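Have a look at coords.txt below; it lists compact mmCIF, C-alpha atoms.
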```txt
# COMPACT_ATOMS: atom_id res chain seq x y z
CA ASP A 25 -6.43 14.68 -10.41
CA ALA A 26 -3.12 15.63 -11.97
CA LYS A 27 -4.80 17.71 -14.68
CA THR A 28 -1.82 17.03 -16.97
CA THR A 29 -0.98 14.16 -19.28
CA GLN A 30 2.58 13.32 -20.31
CA PRO A 31 4.11 10.35 -22.11
CA PRO A 32 5.75 8.03 -19.57
CA SER A 33 9.10 7.90 -21.33
CA MET A 34 11.13 9.34 -24.19
CA ASP A 35 14.59 8.94 -25.64
CA CYS A 36 16.71 11.64 -27.23
CA ALA A 37 20.12 11.53 -28.89
CA GLU A 38 22.82 13.58 -27.24
CA GLY A 39 23.18 16.99 -28.89
CA ARG A 40 19.73 16.89 -30.44
CA ALA A 41 16.70 18.84 -29.26
CA ALA A 42 14.44 17.11 -26.78
CA ASN A 43 10.78 18.03 -27.17
CA LEU A 44 8.62 16.97 -24.23
CA PRO A 45 4.86 17.34 -24.69
CA CYS A 46 2.21 17.95 -22.05
CA ASN A 47 -1.56 18.07 -22.35
CA HIS A 48 -3.49 20.25 -19.91
CA SER A 49 -6.87 20.55 -21.58
CA THR A 50 -8.69 21.60 -18.38
CA ILE A 51 -6.34 24.44 -17.52
CA SER A 52 -8.01 27.54 -16.09
CA GLY A 53 -7.43 31.03 -17.43
CA ASN A 54 -5.17 32.10 -14.60
CA GLU A 55 -3.22 28.88 -14.13
CA TYR A 56 0.40 28.89 -15.12
CA VAL A 57 2.20 25.95 -16.69
CA TYR A 58 5.28 24.94 -14.71
CA TRP A 59 7.98 22.46 -15.66
CA TYR A 60 10.28 20.77 -13.18
CA ARG A 61 12.75 17.96 -13.50
CA GLN A 62 14.00 15.39 -11.04
CA ILE A 63 17.36 13.80 -11.42
CA HIS A 64 17.67 10.49 -9.67
CA SER A 65 17.72 10.72 -5.88
CA GLN A 66 17.39 14.51 -5.84
CA GLY A 67 14.50 16.86 -5.15
CA PRO A 68 12.70 18.30 -8.18
CA GLN A 69 14.27 21.37 -9.77
CA TYR A 70 12.40 24.24 -11.39
CA ILE A 71 12.99 24.68 -15.12
CA ILE A 72 10.58 27.23 -16.55
CA HIS A 73 7.01 28.48 -16.40
CA GLY A 74 4.59 30.45 -18.53
CA LEU A 75 1.01 31.68 -18.81
CA LYS A 76 0.29 32.07 -22.51
CA ASN A 77 3.38 33.46 -24.19
CA ASN A 78 6.33 31.34 -25.16
CA GLU A 79 9.18 31.58 -22.71
CA THR A 80 12.91 30.94 -22.90
CA ASN A 81 15.61 30.87 -20.27
CA GLU A 82 19.09 29.46 -19.98
CA MET A 83 17.78 25.95 -19.44
CA ALA A 84 14.94 25.51 -21.88
CA SER A 85 12.15 26.95 -23.99
CA LEU A 86 8.45 26.58 -23.33
CA ILE A 87 5.96 26.65 -26.16
CA ILE A 88 2.30 27.01 -25.14
CA THR A 89 -0.43 26.54 -27.72
CA GLU A 90 -2.78 29.44 -28.36
CA ASP A 91 -5.70 27.63 -26.70
CA ARG A 92 -3.39 26.81 -23.76
CA LYS A 93 -4.49 23.18 -23.78
CA SER A 94 -1.00 21.85 -24.34
CA SER A 95 2.63 22.83 -24.13
CA THR A 96 6.05 21.58 -25.12
CA LEU A 97 9.27 21.86 -23.20
CA ILE A 98 12.28 22.10 -25.48
CA LEU A 99 15.82 21.31 -24.40
CA PRO A 100 17.70 22.65 -27.43
CA HIS A 101 20.87 20.54 -27.18
CA ALA A 102 20.30 17.63 -24.85
CA THR A 103 23.24 16.35 -22.81
CA LEU A 104 23.62 13.19 -20.79
CA ARG A 105 23.04 15.28 -17.65
CA ASP A 106 19.53 16.07 -18.89
CA THR A 107 18.50 12.47 -18.25
CA ALA A 108 15.76 12.90 -15.65
CA VAL A 109 12.03 12.75 -15.00
CA TYR A 110 10.29 15.87 -16.29
CA TYR A 111 7.07 17.06 -14.68
CA CYS A 112 4.55 19.43 -16.20
CA ILE A 113 2.12 20.89 -13.63
CA VAL A 114 -0.69 23.41 -13.72
CA ARG A 115 -1.88 23.04 -10.17
CA GLU A 116 0.75 23.48 -7.58
CA PHE A 117 0.23 20.18 -5.76
CA TYR A 118 -0.26 17.76 -8.60
CA PHE A 119 2.93 16.49 -10.20
CA GLY A 120 1.70 13.28 -11.75
CA THR A 121 4.27 10.73 -12.86
CA GLY A 122 6.05 12.86 -15.47
CA THR A 123 8.11 11.83 -18.49
CA SER A 124 11.30 9.89 -17.98
CA LEU A 125 13.75 11.31 -20.52
CA THR A 126 16.82 9.29 -21.40
CA VAL A 127 19.54 11.04 -23.38
CA ILE A 128 21.46 8.51 -25.40
CA PRO A 129 25.15 8.99 -26.26
CA GLY B 53 21.77 31.70 -0.72
CA ALA B 54 20.57 28.88 1.50
CA GLY B 55 18.04 26.57 -0.03
CA VAL B 56 15.44 24.36 1.58
CA SER B 57 16.99 21.98 4.05
CA GLN B 58 15.57 18.80 5.50
CA SER B 59 16.65 16.58 8.35
CA PRO B 60 17.45 13.86 8.83
CA SER B 61 18.55 12.84 5.36
CA ASN B 62 17.89 9.21 6.20
CA LYS B 63 15.76 7.65 8.89
CA VAL B 64 15.39 3.96 9.65
CA THR B 65 12.74 3.04 12.17
CA GLU B 66 10.84 0.04 13.38
CA LYS B 67 7.20 -0.54 12.60
CA GLY B 68 5.00 1.07 15.22
CA LYS B 69 7.43 3.81 16.19
CA ASP B 70 6.75 7.53 15.71
CA VAL B 71 9.02 9.68 13.54
CA GLU B 72 9.48 13.40 13.07
CA LEU B 73 10.82 14.92 9.87
CA ARG B 74 11.98 18.51 9.76
CA CYS B 75 11.94 21.11 7.00
CA ASP B 76 13.64 24.50 7.02
CA PRO B 77 12.22 26.56 4.14
CA ILE B 78 13.91 29.42 2.34
CA SER B 79 13.74 32.56 4.46
CA GLY B 80 10.79 34.75 3.52
CA HIS B 81 8.86 32.06 1.70
CA THR B 82 5.27 32.08 2.86
CA ALA B 83 4.20 28.75 1.38
CA LEU B 84 5.45 25.35 2.45
CA TYR B 85 4.56 21.97 0.96
CA TRP B 86 5.13 18.37 1.96
CA TYR B 87 5.15 15.54 -0.57
CA ARG B 88 6.13 11.93 -0.47
CA GLN B 89 7.57 9.81 -3.22
CA SER B 90 7.53 6.06 -3.11
CA LEU B 91 10.13 4.13 -5.07
CA GLY B 92 9.65 4.65 -8.79
CA GLN B 93 6.55 6.76 -8.32
CA GLY B 94 5.62 10.40 -8.81
CA LEU B 95 5.20 13.00 -6.10
CA GLU B 96 2.19 12.61 -3.83
CA PHE B 97 0.95 15.81 -2.19
CA LEU B 98 0.52 15.61 1.58
CA ILE B 99 -0.05 19.04 3.13
CA TYR B 100 0.31 22.75 2.32
CA PHE B 101 0.85 25.76 4.57
CA GLN B 102 0.31 29.33 3.39
CA GLY B 103 1.05 32.18 5.77
CA ASN B 104 -1.24 32.17 8.79
CA SER B 105 -4.08 30.38 6.99
CA ALA B 106 -5.31 26.97 8.06
CA PRO B 107 -3.22 24.31 6.30
CA ASP B 108 -4.59 22.28 3.43
CA LYS B 109 -4.43 18.75 4.81
CA SER B 110 -6.33 17.13 1.98
CA GLY B 111 -3.41 14.95 0.92
CA LEU B 112 -2.64 13.33 4.27
CA PRO B 113 -3.23 9.58 3.80
CA SER B 114 -4.37 8.82 7.33
CA ASP B 115 -4.75 10.34 10.79
CA ARG B 116 -1.34 8.93 11.66
CA PHE B 117 0.13 11.79 9.66
CA SER B 118 0.23 15.35 10.96
CA ALA B 119 2.30 18.45 10.37
CA GLU B 120 2.82 21.81 11.94
CA ARG B 121 4.61 24.97 10.99
CA THR B 122 5.89 27.08 13.83
CA GLY B 123 6.31 30.81 13.48
CA GLY B 124 5.66 30.67 9.78
CA SER B 125 9.01 29.04 9.19
CA VAL B 126 10.20 25.58 10.23
CA SER B 127 7.82 22.69 9.68
CA THR B 128 7.69 19.23 11.21
CA LEU B 129 5.93 16.24 9.66
CA THR B 130 5.05 13.59 12.22
CA ILE B 131 4.11 10.03 11.40
CA GLN B 132 2.72 8.03 14.31
CA ARG B 133 2.78 4.26 14.57
CA THR B 134 4.74 3.91 11.35
CA GLN B 135 3.87 1.15 8.92
CA GLN B 136 6.04 -0.43 6.24
CA GLU B 137 3.99 1.26 3.52
CA ASP B 138 5.13 4.62 4.94
CA SER B 139 8.61 3.91 3.56
CA ALA B 140 9.32 6.62 1.00
CA VAL B 141 11.24 9.81 0.37
CA TYR B 142 9.53 12.76 2.03
CA LEU B 143 10.11 16.02 0.18
CA CYS B 144 9.54 19.53 1.42
CA ALA B 145 9.26 22.61 -0.80
CA SER B 146 8.71 26.32 -0.22
CA SER B 147 7.69 29.24 -2.40
CA PHE B 148 6.92 32.96 -2.34
CA LYS B 149 3.37 32.21 -3.45
CA LEU B 150 2.91 35.19 -5.75
CA PRO B 151 0.35 35.11 -8.58
CA SER B 152 2.93 35.39 -11.32
CA THR B 153 5.66 33.32 -9.79
CA ASP B 154 4.92 30.40 -7.56
CA THR B 155 8.06 28.39 -8.16
CA GLN B 156 8.55 25.66 -5.61
CA TYR B 157 12.05 25.10 -4.31
CA PHE B 158 12.60 21.60 -3.06
CA GLY B 159 14.79 20.24 -0.35
CA PRO B 160 16.87 17.08 -0.79
CA GLY B 161 14.28 14.95 1.00
CA THR B 162 14.29 12.53 3.91
CA ARG B 163 14.45 8.85 3.03
CA LEU B 164 12.31 6.96 5.54
CA THR B 165 12.63 3.22 5.87
CA VAL B 166 10.23 1.37 8.13
CA LEU B 167 11.41 -2.12 9.02
```
Encoded form using structure tokens:
Amino acid sequence: DAKTTQPPSMDCAEGRAANLPCNHSTISGNEYVYWYRQIHSQGPQYIIHGLKNNETNEMASLIITEDRKSSTLILPHATLRDTAVYYCIVREFYFGTGTSLTVIP
Amino acid sequence: GAGVSQSPSNKVTEKGKDVELRCDPISGHTALYWYRQSLGQGLEFLIYFQGNSAPDKSGLPSDRFSAERTGGSVSTLTIQRTQQEDSAVYLCASSFKLPSTDTQYFGPGTRLTVL
């Protein structure tokens, strides 16, 4: 049970913001939302995480709804190197199949 | 600093043979995870070690799979009597396992091919 739902694929124009949604309607009060990405043939890489406040770091921003049932990962200016599979997880073991983001030139 | 390392990077074996895959976690990380990823698929959880606690083996697909973690550091995943469906990339990750930060750091994986 992945406990998260993500669209299987998305496209984004280079230079534009990429907004990747994730539903986690069964999240528990103390479970964090983590985002990772996996570039082809590499191990997953941590991006960002949060509990209930919005978070921002050098890679991305994370917006979590007030009821914590969904979140959005924002890549503010997508580049071709951001093409990857993005995973949203709330339980440490369950990565699901993620969203395959393709950044288009 | 050194990240998670895995060896070998590639392993080709014949059906029925046993294989051992090694993971060296980041020093000081108390938690260690094994996953596998078949071609074009997501990550499938296999086993989890946390400190000196009994490992969570709930993800192991069959009794041909086993893992150990010696001295709270290096881990070995063993697959006995390999089958073709075992072909996948096996990923190891480690973390500090703190309530507020449980980021998993992944190794590059071992690509296993069973002929």
With 7 Å as the cut-off and only C-alpha atoms counted, what is the closest atom pair between each nearby residue of chain A and chain B? Distances in Å to one decimal, ordered by chain and number, as a tab-separated table.
```
residue	atom	partner	partner_atom	distance
A:Gln66	CA	B:Pro160	CA	5.7
A:Gly67	CA	B:Pro160	CA	5.0
A:Pro68	CA	B:Phe158	CA	6.1
A:Gln69	CA	B:Phe158	CA	6.9
A:Tyr70	CA	B:Thr155	CA	6.8
A:Phe117	CA	B:Phe97	CA	5.7
A:Tyr118	CA	B:Phe97	CA	6.8
A:Phe119	CA	B:Leu95	CA	5.8
A:Gly120	CA	B:Gly94	CA	5.7
A:Thr121	CA	B:Gly94	CA	4.3
```
Using only C-alpha atoms: which of A:Thr80, A:Ile98, A:Glu116, A:Tyr111 has the shortest distance to Ser33 (chain A): A:Tyr111
query: Counting all atoms listed in the file, which of B:Val64, B:Val71, B:Ala119, B:Leu91 gets nearest to Leu164 (chain B)?
result: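 Of B:Val64, B:Val71, B:Ala119, B:Leu91, the one nearest Leu164 (chain B), counting all atoms listed in the file, is B:Val64.
With distances taken over all atoms listed in the file, A:Leu75 is the one residue among A:Met83, A:Leu99, A:Leu75, A:Ala42 lying closest to Val57 (chain A).
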For the point (12.9, 26.7, 10.6) in file coordinates, what residues are within 7 Å, counting only C-alpha atoms? Give the answer as a PDB file with C-alpha atoms, in the frame of the given file?
```pdb
ATOM      1  CA  CYS B  75      11.940  21.110   7.000  1.00  0.00           C
ATOM      2  CA  ASP B  76      13.640  24.500   7.020  1.00  0.00           C
ATOM      3  CA  PRO B  77      12.220  26.560   4.140  1.00  0.00           C
ATOM      4  CA  SER B 125       9.010  29.040   9.190  1.00  0.00           C
ATOM      5  CA  VAL B 126      10.200  25.580  10.230  1.00  0.00           C
ATOM      6  CA  SER B 127       7.820  22.690   9.680  1.00  0.00           C
TER       7      SER B 127
END
```
Can you pull out the residues contacting Ala84 (chain A)? Cut-off 12 Å, using only C-alpha atoms, and skip same-chain residues under 6 positions away; I want them as a CSV table (one decimal) with C-alpha atoms, in the frame of the given file.
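Final output, saved to part_4.csv:
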```csv
chain,number,residue,atom,x,y,z
A,41,ALA,CA,16.7,18.8,-29.3
A,42,ALA,CA,14.4,17.1,-26.8
A,43,ASN,CA,10.8,18.0,-27.2
A,44,LEU,CA,8.6,17.0,-24.2
A,59,TRP,CA,8.0,22.5,-15.7
A,60,TYR,CA,10.3,20.8,-13.2
A,61,ARG,CA,12.8,18.0,-13.5
A,70,TYR,CA,12.4,24.2,-11.4
A,71,ILE,CA,13.0,24.7,-15.1
A,72,ILE,CA,10.6,27.2,-16.6
A,73,HIS,CA,7.0,28.5,-16.4
A,74,GLY,CA,4.6,30.4,-18.5
A,78,ASN,CA,6.3,31.3,-25.2
A,96,THR,CA,6.0,21.6,-25.1
A,97,LEU,CA,9.3,21.9,-23.2
A,98,ILE,CA,12.3,22.1,-25.5
A,99,LEU,CA,15.8,21.3,-24.4
A,100,PRO,CA,17.7,22.6,-27.4
A,101,HIS,CA,20.9,20.5,-27.2
A,102,ALA,CA,20.3,17.6,-24.8
A,106,ASP,CA,19.5,16.1,-18.9
```
- line: note - CA of Arg116 (chain B) and CA of Gly55 (chain B) are separated by 28.7 Å
field: Point-to-point distance from CA of Ala83 (chain B) to CA of Ser139 (chain B), Å rounded to tenths
entry: 25.3 Å
- line: From the list B:Ser59, B:Ser110, B:Thr162, B:Thr65, the nearest residue to Arg133 (chain B) using all atoms listed in the file is B:Thr65
- request: Using all atoms listed in the file, determine which residues lie at most 9 Å from Thr130 (chain B), disregarding the query and same-chain residues fewer than 6 positions distant; provide the list as a PyMOL selection string.
  value: chain B and resi 70-74+116-120
message: Please list as a list of chain:residue names every residue within 7 Å of Cys36 (chain A), counting only C-alpha atoms and excluding residues in the same chain fewer than 5 positions away.
response: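 That gives A:Ala42, A:Thr126, A:Val127, A:Ile128.
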